[in-house]
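Q: Supplied structure: model_35.cif, mmCIF, C-alpha atoms.
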```cif
data_coords
#
loop_
_atom_site.label_atom_id
_atom_site.label_comp_id
_atom_site.auth_asym_id
_atom_site.auth_seq_id
_atom_site.Cartn_x
_atom_site.Cartn_y
_atom_site.Cartn_z
CA MET A 867 1.62 -12.97 -21.68
CA GLY A 868 -1.81 -12.14 -23.00
CA SER A 869 -3.96 -9.10 -22.43
CA ASN A 870 -7.17 -10.82 -21.44
CA TYR A 871 -8.29 -8.76 -18.51
CA ASP A 872 -10.80 -5.98 -18.32
CA ASP A 873 -9.27 -3.24 -16.35
CA HIS A 874 -10.61 0.19 -15.92
CA VAL A 875 -10.31 0.11 -12.14
CA VAL A 876 -7.80 2.82 -11.45
CA PHE A 877 -10.01 4.55 -8.94
CA THR A 878 -11.64 3.40 -5.75
CA ASP A 879 -14.38 0.78 -5.98
CA TYR A 880 -16.50 3.06 -3.84
CA THR A 881 -17.61 6.66 -3.98
CA LEU A 882 -18.51 8.82 -1.03
CA ASN A 883 -19.93 12.27 -1.46
CA GLN A 884 -19.48 15.18 0.90
CA GLU A 885 -22.72 14.46 2.73
CA GLU A 886 -21.70 10.86 3.33
CA LEU A 887 -18.25 11.87 4.60
CA ASP A 888 -19.91 14.36 6.95
CA HIS A 889 -22.24 11.62 8.14
CA ILE A 890 -19.32 9.24 8.78
CA GLU A 891 -17.36 11.81 10.76
CA ASN A 892 -20.43 12.69 12.72
CA VAL A 893 -21.00 9.03 13.63
CA LEU A 894 -17.34 8.56 14.58
CA ARG A 895 -17.47 11.59 16.83
CA GLU A 896 -20.89 11.11 18.42
CA TYR A 897 -20.85 7.33 18.94
CA LEU A 898 -17.19 6.66 19.47
CA VAL A 899 -15.00 9.59 20.48
CA LYS A 900 -17.66 10.96 22.82
CA SER A 901 -17.87 7.50 24.43
CA GLY A 902 -14.21 7.63 25.36
CA ILE A 903 -12.43 6.19 22.31
CA ARG A 904 -9.24 8.18 21.84
CA SER A 905 -8.88 7.92 18.12
CA VAL A 906 -10.89 6.24 15.41
CA LEU A 907 -10.07 5.70 11.75
CA LEU A 908 -12.23 4.50 8.93
CA ILE A 909 -9.88 2.98 6.38
CA ASP A 910 -10.36 1.05 3.17
CA MET A 911 -8.94 -2.40 2.57
CA ALA A 912 -5.98 -0.91 0.70
CA GLY A 913 -4.90 1.08 3.74
CA ASN A 914 -6.18 4.52 2.73
CA ILE A 915 -7.68 6.72 5.44
CA VAL A 916 -11.25 7.60 4.53
CA ALA A 917 -12.21 9.46 7.69
CA LYS A 918 -10.73 10.03 11.12
CA CYS A 919 -11.67 11.57 14.41
CA ASP A 920 -9.89 11.82 17.75
CA ASP A 921 -10.15 13.43 21.16
CA GLY A 922 -7.10 15.60 20.61
CA THR A 923 -4.75 13.56 22.81
CA CYS A 924 -3.52 11.13 20.16
CA GLU A 925 -0.37 11.92 18.26
CA HIS A 926 0.22 8.66 16.43
CA ASP A 927 1.45 8.26 12.86
CA LEU A 928 -1.99 7.44 11.48
CA TYR A 929 -0.96 6.82 7.86
CA SER A 930 1.49 4.11 8.87
CA LEU A 931 -1.05 2.74 11.32
CA ALA A 932 -3.67 2.53 8.55
CA ALA A 933 -1.26 0.73 6.19
CA LEU A 934 -0.32 -1.78 8.89
CA ALA A 935 -3.89 -2.22 10.09
CA SER A 936 -5.24 -3.08 6.64
CA ALA A 937 -2.37 -5.52 6.05
CA ASN A 938 -2.84 -7.06 9.49
CA PHE A 939 -6.56 -7.45 8.92
CA ALA A 940 -5.98 -9.01 5.51
CA ALA A 941 -3.44 -11.44 6.96
CA VAL A 942 -5.73 -12.49 9.81
CA ASP A 943 -8.64 -12.83 7.38
CA THR A 944 -6.55 -15.12 5.18
CA MET A 945 -5.57 -17.18 8.25
CA ALA A 946 -9.26 -17.54 9.09
CA LYS A 947 -9.97 -18.89 5.61
CA ILE A 948 -7.10 -21.38 5.93
CA VAL A 949 -8.62 -22.89 9.07
CA GLY A 950 -12.07 -22.93 7.48
CA GLU A 951 -13.58 -19.87 9.17
CA ASN A 952 -15.34 -17.08 7.31
CA GLU A 953 -13.71 -14.54 9.56
CA PHE A 954 -12.46 -14.08 13.10
CA SER A 955 -15.08 -11.86 14.62
CA LEU A 956 -12.95 -10.29 17.35
CA LEU A 957 -9.71 -8.56 16.54
CA PHE A 958 -8.29 -6.77 19.51
CA HIS A 959 -4.69 -6.01 20.41
CA LYS A 960 -4.35 -5.26 24.09
CA GLY A 961 -1.60 -3.00 25.33
CA GLU A 962 -0.66 -1.71 28.75
CA LYS A 963 -1.88 1.82 28.12
CA GLU A 964 -3.53 1.69 24.72
CA SER A 965 -5.28 -1.03 22.78
CA ILE A 966 -6.45 -1.34 19.20
CA HIS A 967 -9.76 -2.78 18.06
CA PHE A 968 -10.49 -3.78 14.45
CA SER A 969 -13.97 -4.08 13.04
CA ARG A 970 -15.05 -4.87 9.49
CA VAL A 971 -17.73 -2.40 8.40
CA ASN A 972 -18.48 -4.00 5.02
CA ASN A 973 -16.44 -5.36 2.12
CA GLU A 974 -14.75 -2.00 1.57
CA PHE A 975 -14.09 -0.52 4.98
CA LEU A 976 -12.50 -1.23 8.35
CA LEU A 977 -12.97 0.68 11.53
CA ILE A 978 -9.86 1.00 13.68
CA SER A 979 -10.31 2.27 17.22
CA ILE A 980 -7.56 3.20 19.65
CA VAL A 981 -8.65 3.11 23.26
CA GLY A 982 -7.12 3.67 26.66
CA LYS A 983 -7.56 1.29 29.56
CA GLU A 984 -10.50 3.21 31.03
CA LEU A 985 -12.94 1.76 28.49
CA SER A 986 -14.04 -1.87 28.89
CA LEU A 987 -13.93 -4.19 25.90
CA GLY A 988 -17.66 -4.93 26.27
CA LEU A 989 -18.70 -1.29 26.12
CA LEU A 990 -16.25 -0.68 23.31
CA ARG A 991 -17.75 -3.49 21.23
CA LEU A 992 -21.25 -2.24 21.93
CA LYS A 993 -20.43 1.30 20.82
CA ILE A 994 -18.55 0.14 17.76
CA GLY A 995 -21.46 -2.14 16.84
CA GLU A 996 -23.83 0.85 16.98
CA ALA A 997 -21.52 2.99 14.87
CA VAL A 998 -21.00 0.25 12.29
CA GLU A 999 -24.77 -0.10 11.90
CA LYS A 1000 -24.95 3.60 11.01
CA ILE A 1001 -22.29 3.51 8.31
CA LYS A 1002 -22.26 0.01 6.88
CA HIS A 1003 -24.64 0.88 4.03
CA LEU A 1004 -22.02 3.24 2.58
CA ARG A 1005 -19.83 2.01 -0.26
CA MET B 260 -7.67 2.30 -6.16
CA ALA B 261 -6.50 5.68 -5.02
CA PHE B 262 -8.64 7.45 -2.50
CA VAL B 263 -9.66 10.96 -3.42
CA ASN B 264 -11.23 13.02 -0.68
CA MET B 265 -13.06 15.85 -2.43
CA ARG B 266 -13.82 17.45 0.91
CA THR B 267 -10.30 17.77 2.29
CA LYS B 268 -8.85 17.91 -1.25
CA GLU B 269 -6.53 15.04 -0.54
CA VAL B 270 -5.44 12.15 -2.73
CA GLN B 271 -3.87 8.93 -1.38
CA ALA B 272 -2.34 6.67 -4.01
CA LYS B 273 -0.51 3.37 -3.57
CA VAL B 274 2.68 2.55 -5.45
CA VAL B 275 4.19 -0.92 -4.97
CA TYR B 276 7.79 -1.97 -5.68
CA TYR B 277 7.81 -5.58 -6.90
CA GLY B 278 10.55 -7.94 -8.05
CA PRO B 279 12.68 -10.97 -7.17
CA GLY B 280 14.21 -11.44 -3.71
CA ARG B 281 17.36 -9.47 -2.93
CA GLY B 282 16.73 -7.31 -6.00
CA GLY B 283 16.87 -3.96 -4.17
CA LYS B 284 13.24 -3.00 -3.56
CA THR B 285 13.81 -2.13 0.09
CA THR B 286 17.06 -0.37 -0.82
CA ASN B 287 15.09 1.85 -3.24
CA LEU B 288 12.77 2.93 -0.44
CA GLU B 289 15.64 3.39 2.00
CA TYR B 290 17.40 5.66 -0.46
CA ILE B 291 14.23 7.73 -1.01
CA TYR B 292 13.72 7.95 2.76
CA LYS B 293 17.29 9.15 3.27
CA LYS B 294 17.22 11.57 0.37
CA PHE B 295 13.92 13.20 1.28
CA ARG B 296 14.20 12.88 5.05
CA ASP B 297 13.23 16.52 5.60
CA ARG B 298 10.03 16.12 3.56
CA ILE B 299 8.89 12.78 4.99
CA LYS B 300 7.23 13.32 8.32
CA SER B 301 6.85 9.74 9.49
CA ASP B 302 9.33 6.91 9.86
CA MET B 303 9.75 4.21 7.25
CA VAL B 304 7.96 1.07 8.40
CA SER B 305 9.68 -2.25 7.70
CA ILE B 306 8.35 -5.65 8.67
CA LYS B 307 11.35 -7.93 8.27
CA THR B 308 12.78 -11.24 9.41
CA HIS B 309 15.72 -11.55 11.79
CA GLY B 310 17.85 -12.07 8.72
CA ASP B 311 16.90 -8.60 7.51
CA ARG B 312 14.75 -9.88 4.67
CA THR B 313 11.35 -8.30 4.03
CA LEU B 314 8.68 -10.45 5.67
CA PHE B 315 5.53 -8.53 4.82
CA PHE B 316 6.26 -5.10 3.37
CA ASP B 317 8.05 -1.78 3.77
CA PHE B 318 5.95 1.34 3.85
CA LEU B 319 6.90 4.94 3.24
CA PRO B 320 4.28 7.71 2.98
CA PHE B 321 5.47 10.58 0.83
CA ASP B 322 3.70 13.95 0.51
CA ILE B 323 4.50 15.22 -2.95
CA GLY B 324 2.67 18.52 -2.60
CA LYS B 325 -0.21 19.93 -4.58
CA ILE B 326 -1.34 18.65 -7.96
CA MET B 327 -4.39 20.28 -9.55
CA GLY B 328 -5.33 21.70 -6.17
CA TYR B 329 -5.14 18.38 -4.34
CA ASP B 330 -2.68 17.44 -1.60
CA VAL B 331 -1.15 14.25 -2.95
CA LYS B 332 0.14 11.56 -0.61
CA ILE B 333 1.92 8.72 -2.34
CA GLN B 334 2.17 5.57 -0.24
CA LEU B 335 5.24 3.63 -1.30
CA TYR B 336 5.22 -0.10 -0.52
CA THR B 337 7.53 -2.99 -1.24
CA VAL B 338 6.57 -6.66 -1.28
CA PRO B 339 8.67 -9.55 0.04
CA GLY B 340 10.56 -10.91 -2.96
CA GLN B 341 11.13 -14.44 -1.75
CA VAL B 342 9.02 -16.99 -3.62
CA LYS B 343 7.57 -18.53 -0.45
CA TYR B 344 5.88 -15.30 0.60
CA ASP B 345 3.43 -15.21 -2.27
CA ALA B 346 0.35 -14.97 -0.05
CA THR B 347 1.57 -11.85 1.73
CA ARG B 348 2.85 -10.42 -1.55
CA ARG B 349 -0.64 -10.68 -2.98
CA LEU B 350 -2.14 -8.89 0.04
CA VAL B 351 0.15 -5.88 -0.46
CA LEU B 352 -1.07 -5.51 -4.05
CA LYS B 353 -4.62 -4.82 -2.89
CA GLY B 354 -5.68 -1.42 -4.21
CA VAL B 355 -2.41 -0.72 -6.02
CA ASP B 356 -2.37 2.31 -8.35
CA GLY B 357 1.15 2.12 -9.77
CA MET B 358 3.97 -0.45 -9.91
CA VAL B 359 7.73 -0.41 -10.11
CA PHE B 360 9.28 -3.72 -11.10
CA VAL B 361 12.83 -3.88 -9.74
CA ALA B 362 14.80 -6.42 -11.77
CA ASP B 363 18.23 -7.69 -10.75
CA SER B 364 20.77 -7.09 -13.53
CA GLN B 365 23.09 -9.92 -12.48
CA GLU B 366 23.40 -12.57 -15.16
CA GLU B 367 22.59 -15.37 -12.72
CA GLN B 368 19.30 -13.72 -11.77
CA ARG B 369 17.89 -13.74 -15.30
CA LYS B 370 15.38 -16.52 -14.72
CA LYS B 371 14.24 -15.12 -11.36
CA ASN B 372 13.39 -11.77 -12.98
CA ILE B 373 11.22 -13.45 -15.59
CA LEU B 374 9.47 -15.64 -13.02
CA SER B 375 8.83 -12.70 -10.72
CA LEU B 376 7.31 -10.61 -13.53
CA LYS B 377 5.08 -13.54 -14.45
CA ASN B 378 4.11 -13.83 -10.77
CA LEU B 379 3.23 -10.12 -10.74
CA GLN B 380 0.97 -10.61 -13.75
CA GLU B 381 -0.79 -13.52 -12.02
CA ASN B 382 -1.19 -11.71 -8.73
CA LEU B 383 -2.57 -8.57 -10.40
CA ALA B 384 -5.04 -10.80 -12.23
CA THR B 385 -6.45 -11.97 -8.89
CA TYR B 386 -7.58 -8.35 -8.43
CA LYS B 387 -8.81 -8.27 -12.05
CA LYS B 388 -6.02 -5.89 -12.99
CA SER B 389 -3.92 -6.25 -16.08
CA ILE B 390 -0.18 -5.79 -16.08
CA PHE B 391 -0.63 -4.18 -19.49
CA LYS B 392 -2.88 -1.45 -18.18
CA ILE B 393 -1.63 -0.56 -14.73
CA PRO B 394 0.93 2.29 -14.59
CA LEU B 395 4.26 0.40 -14.56
CA VAL B 396 7.96 1.28 -14.68
CA LEU B 397 10.82 -1.21 -14.95
CA GLN B 398 14.06 -0.65 -13.09
CA TYR B 399 17.15 -2.62 -14.06
CA ASN B 400 18.95 -2.45 -10.75
CA LYS B 401 22.54 -3.11 -9.65
CA ARG B 402 24.21 -1.64 -12.76
CA ASP B 403 27.02 -0.49 -10.42
CA LEU B 404 28.16 -4.11 -9.99
CA GLU B 405 29.68 -4.05 -13.45
CA ALA B 406 32.57 -2.01 -12.08
CA GLN B 407 33.32 -4.87 -9.69
CA GLY B 408 33.62 -7.33 -12.56
CA ILE B 409 30.33 -9.11 -11.80
CA PRO B 410 28.73 -10.32 -15.05
CA LEU B 411 25.56 -8.37 -15.79
CA LEU B 412 22.79 -8.87 -18.31
CA SER B 413 22.93 -6.32 -21.09
CA LEU B 414 20.13 -3.77 -21.19
CA GLU B 415 19.08 -5.22 -24.56
CA THR B 416 18.71 -8.68 -23.03
CA MET B 417 16.70 -7.33 -20.10
CA GLU B 418 14.49 -5.35 -22.44
CA LYS B 419 13.90 -8.45 -24.54
CA ASP B 420 13.22 -10.65 -21.50
CA LEU B 421 10.96 -8.31 -19.58
CA ASN B 422 9.77 -5.41 -21.69
CA SER B 423 9.27 -6.69 -25.23
CA GLN B 424 5.50 -6.88 -24.80
CA LEU B 425 4.94 -4.40 -21.97
CA LYS B 426 6.86 -1.55 -23.64
CA VAL B 427 6.86 0.57 -20.48
CA PRO B 428 9.47 3.13 -19.38
CA PHE B 429 12.64 1.57 -17.93
CA PHE B 430 15.66 2.81 -16.00
CA PRO B 431 19.10 1.25 -15.55
CA ALA B 432 19.76 2.03 -11.91
CA SER B 433 21.67 1.37 -8.74
CA ALA B 434 19.62 1.49 -5.58
CA ALA B 435 22.80 1.16 -3.50
CA THR B 436 24.35 4.33 -4.93
CA GLY B 437 21.02 6.04 -5.63
CA ASP B 438 21.56 6.25 -9.34
CA ASN B 439 18.18 6.68 -11.10
CA VAL B 440 16.25 5.78 -7.94
CA VAL B 441 14.57 9.17 -7.82
CA ALA B 442 14.05 9.17 -11.60
CA THR B 443 12.24 5.83 -11.32
CA MET B 444 10.04 7.15 -8.53
CA LYS B 445 9.25 10.38 -10.36
CA LYS B 446 8.26 8.45 -13.46
CA ILE B 447 5.87 6.12 -11.65
CA ILE B 448 4.32 9.00 -9.72
CA SER B 449 3.77 10.90 -12.94
CA LEU B 450 2.23 7.86 -14.70
CA THR B 451 0.03 7.14 -11.67
CA MET B 452 -1.16 10.73 -11.43
CA THR B 453 -1.90 10.82 -15.15
CA SER B 454 -4.09 7.76 -14.75
CA LEU B 455 -5.98 9.51 -11.94
CA GLN B 456 -6.26 12.83 -13.74
CA SER B 457 -9.71 12.27 -15.18
CA VAL B 458 -11.03 11.88 -11.63
CA LEU B 459 -9.36 15.02 -10.31
CA LYS B 460 -10.71 17.38 -12.95
#
```
Go through the file and emit its structure as structure tokens.
A:
Amino acid sequence: MGSNYDDHVVFTDYTLNQEELDHIENVLREYLVKSGIRSVLLIDMAGNIVAKCDDGTCEHDLYSLAALASANFAAVDTMAKIVGENEFSLLFHKGEKESIHFSRVNNEFLLISIVGKELSLGLLRLKIGEAVEKIKHLR
Amino acid sequence: MAFVNMRTKEVQAKVVYYGPGRGGKTTNLEYIYKKFRDRIKSDMVSIKTHGDRTLFFDFLPFDIGKIMGYDVKIQLYTVPGQVKYDATRRLVLKGVDGMVFVADSQEEQRKKNILSLKNLQENLATYKKSIFKIPLVLQYNKRDLEAQGIPLLSLETMEKDLNSQLKVPFFPASAATGDNVVATMKKIISLTMTSLQSVLK
């Protein structure tokens, strides 16, 4: 075994200051939760929760959800590469009462939205698209 | 790649248990979950096959309280040990802050330990991380089997095989009985937090 690698990465590859975190939470609340999304999480690719916002009715175990969501996204992304796709653009798990939508924000972050059946997938994608535009420059 | 939220004063760090298949990685987490049940708010998540083998990972979030004014959440993960699951194993290593390598002390597992450690080095390298620099603890598991007359590798042999160049802390342990499971976890948490300390100041 040789020690040939540069490694000073013990901290996140991104930095967000207080203002940026405020901005993110504001976007999550104004664009998503106020449009009827029950709970929204901004997570990094390692499964850490960066920011979250909900309508007060969600009592899910968000830390486990974030860990599973990042792993699920990574697995699907790898499957896409295997079949020669850059990515699968729509990731949506539909449930009877609640569904989960995944959206890549940039190379660092994923947006996970939990919605009830009252919100259509089209409107959901539109709102998420708007929110992603507002935060995708952050890293 | 721990996430430090300066605003909510919260730190999330990722510790991954690695090692050959059937070495006791999941059993380590199960013991911790059982032992600290009153302090762990959520359930342990396991994605396993019908044969009870880890398919993707196990996940256990563990609040360890306040360090330097920050609420520290350690996310404990295991990887699937079986050779064929290398792709998923690599995914779990994304953003890892600290590692426990769980080696199987049984004599017949000697080669598998060495191959798995080598595999860890290669997989860390895909994230441009060096096995020599990441916080790492070795655990020589299944020491309890000696009492049942099963031939085990001596600690000296395991040290020579796995730790002669790494020179990291190691623990003879038994995940099944819980012996040194908590000591291993405490050590890796302390090494991981030390590596993050400069950021928290």
Q: If I take atom CA of Glu269 of chain B and atom CA of Val427 of chain B, how far is one from the other in Å, to one decimal?
A: 28.0 Å
Q: Can you spell out as a ChimeraX atom specification the set of residues that the PyMOL selection byres ((chain B) within 8 of (chain A)) selects in the structure I just provided?
A: /B:260-262,264-266,271,301,304,318-320,347,350-351,353-356,384,387-389,391-393,424,454-455,458
Q: Using C-alpha atoms, can you export the residues from the last selection as a compact mmCIF listing (two decimals), in the frame of the given file?
A:
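Listing of part_8.txt after writing:
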```txt
# COMPACT_ATOMS: atom_id res chain seq x y z
CA MET B 260 -7.67 2.30 -6.16
CA ALA B 261 -6.50 5.68 -5.02
CA PHE B 262 -8.64 7.45 -2.50
CA ASN B 264 -11.23 13.02 -0.68
CA MET B 265 -13.06 15.85 -2.43
CA ARG B 266 -13.82 17.45 0.91
CA GLN B 271 -3.87 8.93 -1.38
CA SER B 301 6.85 9.74 9.49
CA VAL B 304 7.96 1.07 8.40
CA PHE B 318 5.95 1.34 3.85
CA LEU B 319 6.90 4.94 3.24
CA PRO B 320 4.28 7.71 2.98
CA THR B 347 1.57 -11.85 1.73
CA LEU B 350 -2.14 -8.89 0.04
CA VAL B 351 0.15 -5.88 -0.46
CA LYS B 353 -4.62 -4.82 -2.89
CA GLY B 354 -5.68 -1.42 -4.21
CA VAL B 355 -2.41 -0.72 -6.02
CA ASP B 356 -2.37 2.31 -8.35
CA ALA B 384 -5.04 -10.80 -12.23
CA LYS B 387 -8.81 -8.27 -12.05
CA LYS B 388 -6.02 -5.89 -12.99
CA SER B 389 -3.92 -6.25 -16.08
CA PHE B 391 -0.63 -4.18 -19.49
CA LYS B 392 -2.88 -1.45 -18.18
CA ILE B 393 -1.63 -0.56 -14.73
CA GLN B 424 5.50 -6.88 -24.80
CA SER B 454 -4.09 7.76 -14.75
CA LEU B 455 -5.98 9.51 -11.94
CA VAL B 458 -11.03 11.88 -11.63
```
Q: By how many Å are atom CA of Thr313 of chain B and atom CA of Gly340 of chain B apart?
A: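 These two atoms are separated by 7.5 Å.
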Q: Nearest to Lys371 of chain B: which of B:Asp403, B:Asp420, B:Asp438, B:Glu415 is it, counting only C-alpha atoms?
A: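 Counting only C-alpha atoms, the residue closest to Lys371 of chain B is B:Asp420.
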Q: Mind pulling up the distance from atom CA of Leu421 of chain B to atom CA of Gln398 of chain B?
A: 10.5 Å
Q: Near Lys426 of chain B, counting all atoms listed in the file, which residues have an atom at most 10 Å away, once you skip same-chain residues fewer than 5 positions from it, shown as a list in words?
A: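 Listing them by chain and then by number gives Phe391, Leu395, Val396, Leu397, Glu418, Lys419 and Leu421 of chain B.
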